[in-house]
Every structure is written in C-alpha cells, then in structure tokens.
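A short write-up of the structure that comes next.
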Amino acid sequence: MKTLDHSLERVYAQLCYGNCGMAIAELETYLAAWPDGQTAEALRVIKEEYSLMADYWRKGVVDEQRQQLYQRLLQQVYQLFANIAVYRRLQASSFLTGLYQGARQQSYDRSLSAIRGEMENFVSEIAMLEFEPENKRDEKSRMLYKAHQQHMNTLFNYIVTSRMWSEGVGSGFTDLLLSPTVDSNDQQLIVAAIMLALMSQFDMVKFRLLTDVYRQSQDEHVRQRALVGWVFSLDHHLINVFPEQKAIIDEMLESDEVCQELTELQMQLILTLNAEKDNDIISREIMPDLIKNNSFQITRNGIEETEEDSLEEILHPDIAEQRMEKLEASMQRIIDMQKQGVDVYFAGFAQMKRYPFFYDISNWFVPFFMQHPDVAQFVERMECLRFVESILTKGPFCNSDKYSFLIAANDVLSRFPASMREVMMNNEASLGEMEIGESQTAAYLRRIYLMDIYRFFRLFPNRNAMNNPFEGNHSDDDILNVFESELFMQTPLDGYKASVVRMMKKHHFDKMARGVLNTFPESMRDAQYYIWTNSYEKALEIEPDNVRALAGAARWQFSCGNYAQADEYYDRLLLLQPDKVSYKLNKAVCLVKMEDNEEALKLLYQLDYEHAEDANIQRVFAWALTCDGKLEQAEKVFVQLLADHHATGEDYLNYGYCLWLMNRIDDAAANFRKYMELTPAEQRNDPLFDFWWLKKRGVDIIQYRMMETLVQS
C-alpha cells in the first residue's frame, strides 16, 4: 500500500488489529481535520449501530448475532477508510487524477449492462465482417477496432481508479469475465485493471472476483492473469477485517494443481526479479561474441557466411569455422537461458517503450493483436509483414515487446540489405530455435504476463503513482515473496516451500529465503532446514554425517576464530570423503592458524605434489612455510605464484611479511603497497599489519612503526 498520512495510518492500524470502536474513533479524528459530509454521515450511522451493540453487551444481554454484527461494522468502517485512501491517492497524483476524470466523462455509460452490451456487440460485429463487401470490409474493421479500443481504454482507466465495489458490481464483472460471448482480449485487459486497483487498495469484492475467475474460467489466458492478480493483491494484515480471505485461500489450496501453480509462480517471480542481472550477463558476456562474429547473412537455407577474400582468412584458414562455432555457442547460451525461464529480451526492448503507443496505461497490458488501432499505421506500411507475423507468432516475446517490435520493425528492416529483405518478404527465413511448441501452457502464459507487468513497473514513466512491487529491498511485506504470507501458513503449500527456498538460495535472494524459512512448521524443520538457517549443530543432531552440515559448521567455527573446533569438523569430513582436496586444504589452514605448522606442512607437501598447478594450494603452502620460518623456500613459492598471474592482493601482503622477516625491507614495502593498490580500502586489514604475529618472530614496535611510515610515504 502506498504510504498514507499519519492520521489514516492510525485508522488502518486499528482495522488491522480488529478494533472496530477505536477505528471509528480514529476515523472521526481524521474527518475533523479533513471534513467530508457524506463520509461523516455514513460513519455516524455505523457508530450508532456500534454503540447500540455495545450498550446491550454492557447490560449483559446475550446476543448470538454480536460476532456477525461486529464483523460487518468493522468491514463497513474499512470501506469508508479505503474509499478515503483511494481519493487521497488520486489527489496526490496528477496522472491518476487525469485517468479518473477522463474515465468519468458524461458521455460514457458506466452501467454494467452498457459495458457488457458494447463488448458483446463488438464480438458480433467482428464476426459479421465476413459478410461485408470486400471493398468495405477493411475500413469497417478499422472503425470497429478503433471505437472498441477507445471504449476499453476508458474502462481500464475507470477500473484502475475505482473505489470499493459493491457485491452487485463484483458479481456483474465476474459474469462478464466468465462469459463465452465476450472477447478473451477484453477479459484479460479487465483482469489486469482489477489487479492494479487491488495492488493499490485491497477490496474484498475484487479479490473474490479474481479468485472466482481463476477457479472457474475456461480460458487459460484469463485464468493465469487472475491468478497473478489475486496473488499480487494479498494482504495478510487485514485478516481480522476479512477472515474470508483466508477461508477462500484454504479452500483453493486443497487442490494440488493450485499449489503447483503457486509454486511455479513464486519461482517465476524470482527469475523476473533477476531480469536486469541476467541481461547484464548477456550484454557483457554474450553480445560481444555475437557482434564480433556476425559476418553472416540470412538465406532460405539459414545463416551462411559472407564471401570475403580477406588477408585474415588467408593467414587463418580456420577463422570462419571458429567464428561460426562462437556464434552458435552464444546463440545457444541465450536459448538455454530462455528455456530456463530467463527474461532475455528486457534490455533489448527497454528503449522501445518510448513510443506514443505506451503513453496509454492500458496498452502495457493489452494482449497482442495485429488489428490494434494504435499500430495499424505500422502494419499498413510493413514490407515484410508475413515475416514479422511469423516472428511475433513463434517468438517467445511478451505482449509489450511484440508491440515494440511491430512499431520498430519497418525502421529496423529498412536498414537490412535488399537480399535479406527479399528472403523476409517471401517468409523464407527460418526461425529455428525461436519456435515455442508449448506457447499455450499455463506456465508459459503466466511467464509472458509477468514480463508485461515487470516492464510496466520498471519502464512506465508514471509507475510511481501506484504500488510498485519491483522496487525496494524485498522487505517482510514484499508481495513478490508469495510463500512468506501468513495466509499460506499451515496449509498444503508448506510441502512446496523447500523447493522454493532452494531456488531463492540459488539466485542469492537470501533475505526472501529467510522470510519463507520463518514460516516452516515445526514438523518440516529437518536437517536441510537447519543448514539453510545456519544452525549446523542442530542439523548434525538429526544427521551426524551430513556433509553439508559438517562443512557449514567448520566454516562457521573458522569465521569465529575457533580453529580447533573447525579442525575437528574437517577431520570428520575427511573420514567421510578422504580424497576431498578442499577439506585437506582447509584443515591445513586451521593448523596454520593454531601455529601447528609442522602438521600443516605435512598435508601441504602432499597437496602441492599432487596438485602443483593449484594456486590456492600454493597460496596456503607459501604462507605456512613463512609461518614456520622456512623463508627461502616460501619465497620460491611466492615468486611462482605471482609469475603465474594468479596472485591476489592478499598474496602480496603475505609475500611482504616473508620479505620483511628476511630483512629485505624495501622489497617488503613494495609488496605492501601493491596489496593496498589491489585491495579496496574497506577490504584491507585494519591495522595493516598483524603486530602480534610479527612480535613472535622478532619484530619490535619501533620496526613496526617505521614500516607503517615507509609504506604510507
């Protein structure tokens, strides 16, 4: 919910607490500062009914209807509060004010019968176009689509800026969204508008509408939008006001299909949140190879090399094959990312969202259709229409990106060589892997819709006028962390939470993962749960030989400076996996930390012999030799490590210690400066040198201070 002013927040707090009397009092306080005669009169009626109920209670009268009456009054107070909150939000945004006023012009009939009549007439008139003379059909089609689009845009804006709905309005819209006589595109657009309204202000009627549509619709496009809509609108804070919200959810979660779809949705949201990071990988690691190896042309046989008799080809006869392999590898990597659900097109289409088409908020959510009046001019001028249609039909683009592509296509394709345009105009270019065979599955349709939503909330200029789920730091109230909601606790969905946490951890959404872990029931808190919560000792109580728990416990004890305990854990790990190099190396580090250099070096001599090219082993080996006073031997390892370009800032620091103990003061200082150069200030040791380690090896405080001065000068 967008931030409310302090007086309205107090009303909301009492409503969430479920205290009807205090909510009435706080709302009276608000109305004293912000008078509204109609609201004040409605509140007076509620207060009188509440006072009468309270009087009967104080007199000891037994009233079997008291609970139902109290709940009804609490919900009525919420209705008043919510309408005020919507009004204040509209007032605070010139953009929303414009939508509100434009959708409520006198010429627009907002009755349900008029809305439904227009939609059904549109379907009938489109169907009748085939009986029109061919010379009039196109013109009439354009007129029908234009008028209907204007109607739907107005309706969209009307719903987005609407206040709380009555049960009658909710029932009417439910029938409309389930009707087979209404176009699916219109139904999908209405569902999107209801979602935006709900995300700004919870409305039980709208919420119930979306859950009913989700459960009853026979149209998978509509159904998946309804699912996303009611999930995005969940508000567990209002469970005292609307306990039926929880009852509806509990009933839905009795279905395995619903649990599975919610699990898929949560995982898709994680991938959606990762979109910009994934696109950074594409632009940094993949696109350079595609651009560098693009000396190819599209033909009816696919991608072929352009014929160039260059000096490079003479000197390097295998260059063409290498380029093709790199190009194919880069394209395959993008395809693989796409198959995993990654939004690979966000960055590429982001700059194409500045066209006038996207000035209308509804156009961000309208399903793609070629007859959309706002893109008709581009379709009419399209030279390679069949090719573009093929791409838009088979390509895995969201609706928003399809419109962007269609608008930009003429300008882009006009820059292609004539031979390529000829192939496109004949629709002979193969799309290969771009073809998506499962484009009608529930998961695919949901992913496409999430991409549309993500683009809207990341790119629409006036997005901040609404609740933006993709901004912020994913706090406890983050609507994108579906599985964290209290409304899903102690339900069959608990059984799906482990897989969700695993994915969150994989993509480094640790804060969201902690939120879900906090909802695990006691019965699900197994060894894996305690590993995820870093409670390794508890995990080991359940599974004493759990390798991940032992490794985690070892790392934790080491980070706390408990090297002896960490060493014991590595011993246990080596009993289970005696050939694991990393465990041997970590044990050696523990031994060095404990000044047991002799035992450490026994391990390290063996590891260095068996894995001579391993820089990490060399690193620890060199330091252990330094700690043990074998300085000449340590120097040889340091020199080799630095020469192989594997060195880190820490290596220069350690080499500096070695040289210092060898009394090569200037060389030591040079390495300390190199350490400072390679290591950001916030990551450097503070103080720079370990005095107590040096003192044990004969370096006094005077030498210590002099080295500090030498390094800093």
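Going through the structure tokens in order, the chains are called A, B, and so on, while each chain numbers its residues from 1 and the ligands are numbered from 1 in the order shown.
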
Find the residues near Pro356 (chain A): any atom within 12 Å, counting only C-alpha atoms, skip ones fewer than 2 places away on the same chain, and give them as a PDB file with N, CA, C and O atoms, in the first residue's frame.
ATOM      1  N   MET A 352      12.562   0.630 -26.485  1.00  0.00           N
ATOM      2  CA  MET A 352      11.443   0.712 -27.425  1.00  0.00           C
ATOM      3  C   MET A 352      10.114   0.978 -26.717  1.00  0.00           C
ATOM      4  O   MET A 352       9.054   0.794 -27.301  1.00  0.00           O
ATOM      5  N   LYS A 353      10.173   1.388 -25.471  1.00  0.00           N
ATOM      6  CA  LYS A 353       8.945   1.658 -24.719  1.00  0.00           C
ATOM      7  C   LYS A 353       8.654   3.156 -24.633  1.00  0.00           C
ATOM      8  O   LYS A 353       7.881   3.598 -23.790  1.00  0.00           O
ATOM      9  N   ARG A 354       9.307   3.916 -25.527  1.00  0.00           N
ATOM     10  CA  ARG A 354       9.097   5.370 -25.517  1.00  0.00           C
ATOM     11  C   ARG A 354       8.185   5.821 -26.646  1.00  0.00           C
ATOM     12  O   ARG A 354       7.971   7.017 -26.823  1.00  0.00           O
ATOM     13  N   PHE A 358       2.779   3.625 -25.910  1.00  0.00           N
ATOM     14  CA  PHE A 358       2.873   3.283 -24.496  1.00  0.00           C
ATOM     15  C   PHE A 358       2.504   4.441 -23.576  1.00  0.00           C
ATOM     16  O   PHE A 358       2.690   4.347 -22.358  1.00  0.00           O
ATOM     17  N   TYR A 359       1.992   5.527 -24.149  1.00  0.00           N
ATOM     18  CA  TYR A 359       1.506   6.609 -23.295  1.00  0.00           C
ATOM     19  C   TYR A 359       0.240   6.184 -22.557  1.00  0.00           C
ATOM     20  O   TYR A 359      -0.010   6.625 -21.429  1.00  0.00           O
ATOM     21  N   ASP A 360      -0.578   5.352 -23.219  1.00  0.00           N
ATOM     22  CA  ASP A 360      -1.802   4.846 -22.577  1.00  0.00           C
ATOM     23  C   ASP A 360      -1.450   3.677 -21.677  1.00  0.00           C
ATOM     24  O   ASP A 360      -0.851   2.686 -22.118  1.00  0.00           O
ATOM     25  N   ILE A 361      -1.852   3.760 -20.430  1.00  0.00           N
ATOM     26  CA  ILE A 361      -1.500   2.722 -19.465  1.00  0.00           C
ATOM     27  C   ILE A 361      -2.058   1.361 -19.869  1.00  0.00           C
ATOM     28  O   ILE A 361      -1.421   0.327 -19.658  1.00  0.00           O
ATOM     29  N   ASN A 363      -2.286   0.043 -22.738  1.00  0.00           N
ATOM     30  CA  ASN A 363      -1.520  -0.616 -23.795  1.00  0.00           C
ATOM     31  C   ASN A 363      -0.352  -1.446 -23.265  1.00  0.00           C
ATOM     32  O   ASN A 363       0.211  -2.261 -23.991  1.00  0.00           O
ATOM     33  N   TRP A 364       0.029  -1.244 -22.004  1.00  0.00           N
ATOM     34  CA  TRP A 364       1.073  -2.072 -21.401  1.00  0.00           C
ATOM     35  C   TRP A 364       0.546  -3.466 -21.059  1.00  0.00           C
ATOM     36  O   TRP A 364       1.334  -4.392 -20.838  1.00  0.00           O
ATOM     37  N   ASP A 374      -3.841   1.420 -32.613  1.00  0.00           N
ATOM     38  CA  ASP A 374      -2.673   2.265 -32.365  1.00  0.00           C
ATOM     39  C   ASP A 374      -1.423   1.789 -33.101  1.00  0.00           C
ATOM     40  O   ASP A 374      -0.396   2.482 -33.105  1.00  0.00           O
ATOM     41  N   VAL A 375      -1.482   0.604 -33.709  1.00  0.00           N
ATOM     42  CA  VAL A 375      -0.339   0.127 -34.506  1.00  0.00           C
ATOM     43  C   VAL A 375      -0.744  -0.124 -35.956  1.00  0.00           C
ATOM     44  O   VAL A 375       0.060  -0.602 -36.748  1.00  0.00           O
ATOM     45  N   TYR A 403       4.441  -5.525 -29.425  1.00  0.00           N
ATOM     46  CA  TYR A 403       4.033  -4.211 -29.941  1.00  0.00           C
ATOM     47  C   TYR A 403       5.268  -3.355 -30.247  1.00  0.00           C
ATOM     48  O   TYR A 403       5.313  -2.651 -31.262  1.00  0.00           O
ATOM     49  N   SER A 404       6.277  -3.416 -29.369  1.00  0.00           N
ATOM     50  CA  SER A 404       7.509  -2.657 -29.612  1.00  0.00           C
ATOM     51  C   SER A 404       8.162  -3.094 -30.916  1.00  0.00           C
ATOM     52  O   SER A 404       8.595  -2.270 -31.721  1.00  0.00           O
ATOM     53  N   ILE A 407       6.182  -1.921 -34.029  1.00  0.00           N
ATOM     54  CA  ILE A 407       6.324  -0.494 -34.295  1.00  0.00           C
ATOM     55  C   ILE A 407       7.703  -0.183 -34.883  1.00  0.00           C
ATOM     56  O   ILE A 407       7.846   0.646 -35.795  1.00  0.00           O
ATOM     57  N   PHE A 460       7.369   2.317 -17.224  1.00  0.00           N
ATOM     58  CA  PHE A 460       6.294   3.290 -17.428  1.00  0.00           C
ATOM     59  C   PHE A 460       6.620   4.575 -16.661  1.00  0.00           C
ATOM     60  O   PHE A 460       6.918   4.523 -15.455  1.00  0.00           O
TER      61      PHE A 460
END

Using only C-alpha atoms, pick whichever of A:Lys47, A:Lys136, A:Arg386, A:Lys695 has the shortest atom-to-atom distance to Met22 (chain A).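 Closest to Met22 (chain A), using only C-alpha atoms: A:Lys47.
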
Find the residues around Thr174 (chain A) up to 9 Å (only C-alpha atoms counted), leave out those fewer than 4 positions away in its own chain, and share them as a list in words.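 The residues satisfying every condition are Val169, Gly170, Leu178, Ser179, Leu209, Leu210, Asp212 and Val213 of chain A.
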
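The space separating CA of Ala13 (chain A) from CA of Ile159 (chain A) comes to 26.5 Å.
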
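Those residues that approach Asn462 (chain A) to within 10 Å, counting only C-alpha atoms, are Ser93, Ser94, Phe95, Leu96, Tyr359, Ile361, Phe456, Phe457, Leu459, Phe460, Asn464, Ala465 and Met466 of chain A; same-chain residues fewer than 2 positions away are not listed.
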
Export of prior selection with N, CA and C atoms as a tab-separated table (two decimals), in the first residue's frame:
chain	number	residue	atom	x	y	z
A	93	SER	N	-1.68	12.50	-7.12
A	93	SER	CA	-1.04	12.21	-8.41
A	93	SER	C	-1.83	12.86	-9.54
A	94	SER	N	-1.20	13.78	-10.26
A	94	SER	CA	-1.86	14.41	-11.40
A	94	SER	C	-2.15	13.38	-12.48
A	95	PHE	N	-1.29	12.37	-12.59
A	95	PHE	CA	-1.50	11.32	-13.58
A	95	PHE	C	-2.79	10.55	-13.26
A	96	LEU	N	-2.94	10.11	-12.01
A	96	LEU	CA	-4.15	9.36	-11.63
A	96	LEU	C	-5.39	10.25	-11.70
A	359	TYR	N	1.99	5.53	-24.15
A	359	TYR	CA	1.51	6.61	-23.29
A	359	TYR	C	0.24	6.18	-22.56
A	361	ILE	N	-1.85	3.76	-20.43
A	361	ILE	CA	-1.50	2.72	-19.47
A	361	ILE	C	-2.06	1.36	-19.87
A	456	PHE	N	6.12	-2.83	-17.25
A	456	PHE	CA	5.31	-1.68	-16.84
A	456	PHE	C	5.89	-1.01	-15.59
A	457	PHE	N	6.17	-1.81	-14.57
A	457	PHE	CA	6.62	-1.24	-13.31
A	457	PHE	C	8.09	-0.81	-13.33
A	459	LEU	N	9.43	0.55	-16.43
A	459	LEU	CA	9.66	1.49	-17.53
A	459	LEU	C	8.58	2.54	-17.72
A	460	PHE	N	7.37	2.32	-17.22
A	460	PHE	CA	6.29	3.29	-17.43
A	460	PHE	C	6.62	4.57	-16.66
A	464	ASN	N	5.31	5.25	-10.50
A	464	ASN	CA	5.38	5.52	-9.07
A	464	ASN	C	4.06	6.02	-8.49
A	465	ALA	N	3.08	6.25	-9.34
A	465	ALA	CA	1.76	6.63	-8.84
A	465	ALA	C	1.05	5.42	-8.23
A	466	MET	N	1.59	4.23	-8.45
A	466	MET	CA	0.97	3.00	-7.95
A	466	MET	C	1.95	2.23	-7.09

Taking the backbone alone, and naming residues the way the document does, which bits of region 596-660 of chain A are helix (DSSP H, G or I) by DSSP, as a PyMOL selection string? chain A and resi 597-610+615-627+631-643+649-660

Can you tell me, as a VMD selection string, what residues are no more than 12 Å from Ala192 (chain A) when counting only C-alpha atoms, ignoring any on the same chain fewer than 2 positions away? chain A and resid 152 to 153 155 to 157 159 to 160 177 185 to 190 194 to 199 206 210 221 to 230 232 to 233 361 to 367 449 to 450 452 to 453 456

Residue neighbourhood Asp235 (chain A), 9 Å, only C-alpha atoms, exclusion window fewer than 3 positions, as a list in words: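 Listed by chain and then number, they are Phe202, Phe232, Leu238, Ile239, Gln245, Asp477, Ile479, Ser485 and Leu487 of chain A.
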
Using only C-alpha atoms, which residues sit within 7 Å of Leu678 (chain A) once same-chain residues fewer than 3 positions away are excluded, as a PyMOL selection string? chain A and resi 649+674-675

Could you build a table of the residues in region 221-248 of chain A lying no more than 9 Å from region 72-76 of chain A, giving for each the nearest pair of atoms and their separation in Å rounded to one decimal place, using only C-alpha atoms, ordered by chain and ascending residue number, as CSV?
residue,atom,partner,partner_atom,distance
A:Asn240,CA,A:Leu74,CA,9.0
A:Val241,CA,A:Gln75,CA,5.9
A:Phe242,CA,A:Gln75,CA,7.4

I'd like to know which of A:Val547, A:Asn685, A:Arg458, A:Glu486 is closest to Ala347 (chain A), using only C-alpha atoms. A:Arg458

Top pick for closest residue to Asn399 (chain A), considering A:Asp343, A:Ala442, A:Glu568, A:Met451 and counting only C-alpha atoms: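 Closest to Asn399 (chain A) of all the choices is A:Met451.
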
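Using only C-alpha atoms, the smallest distance between any of A:Trp165, A:Tyr78, A:Tyr444, A:Tyr17 and Phe207 (chain A) comes from A:Trp165.
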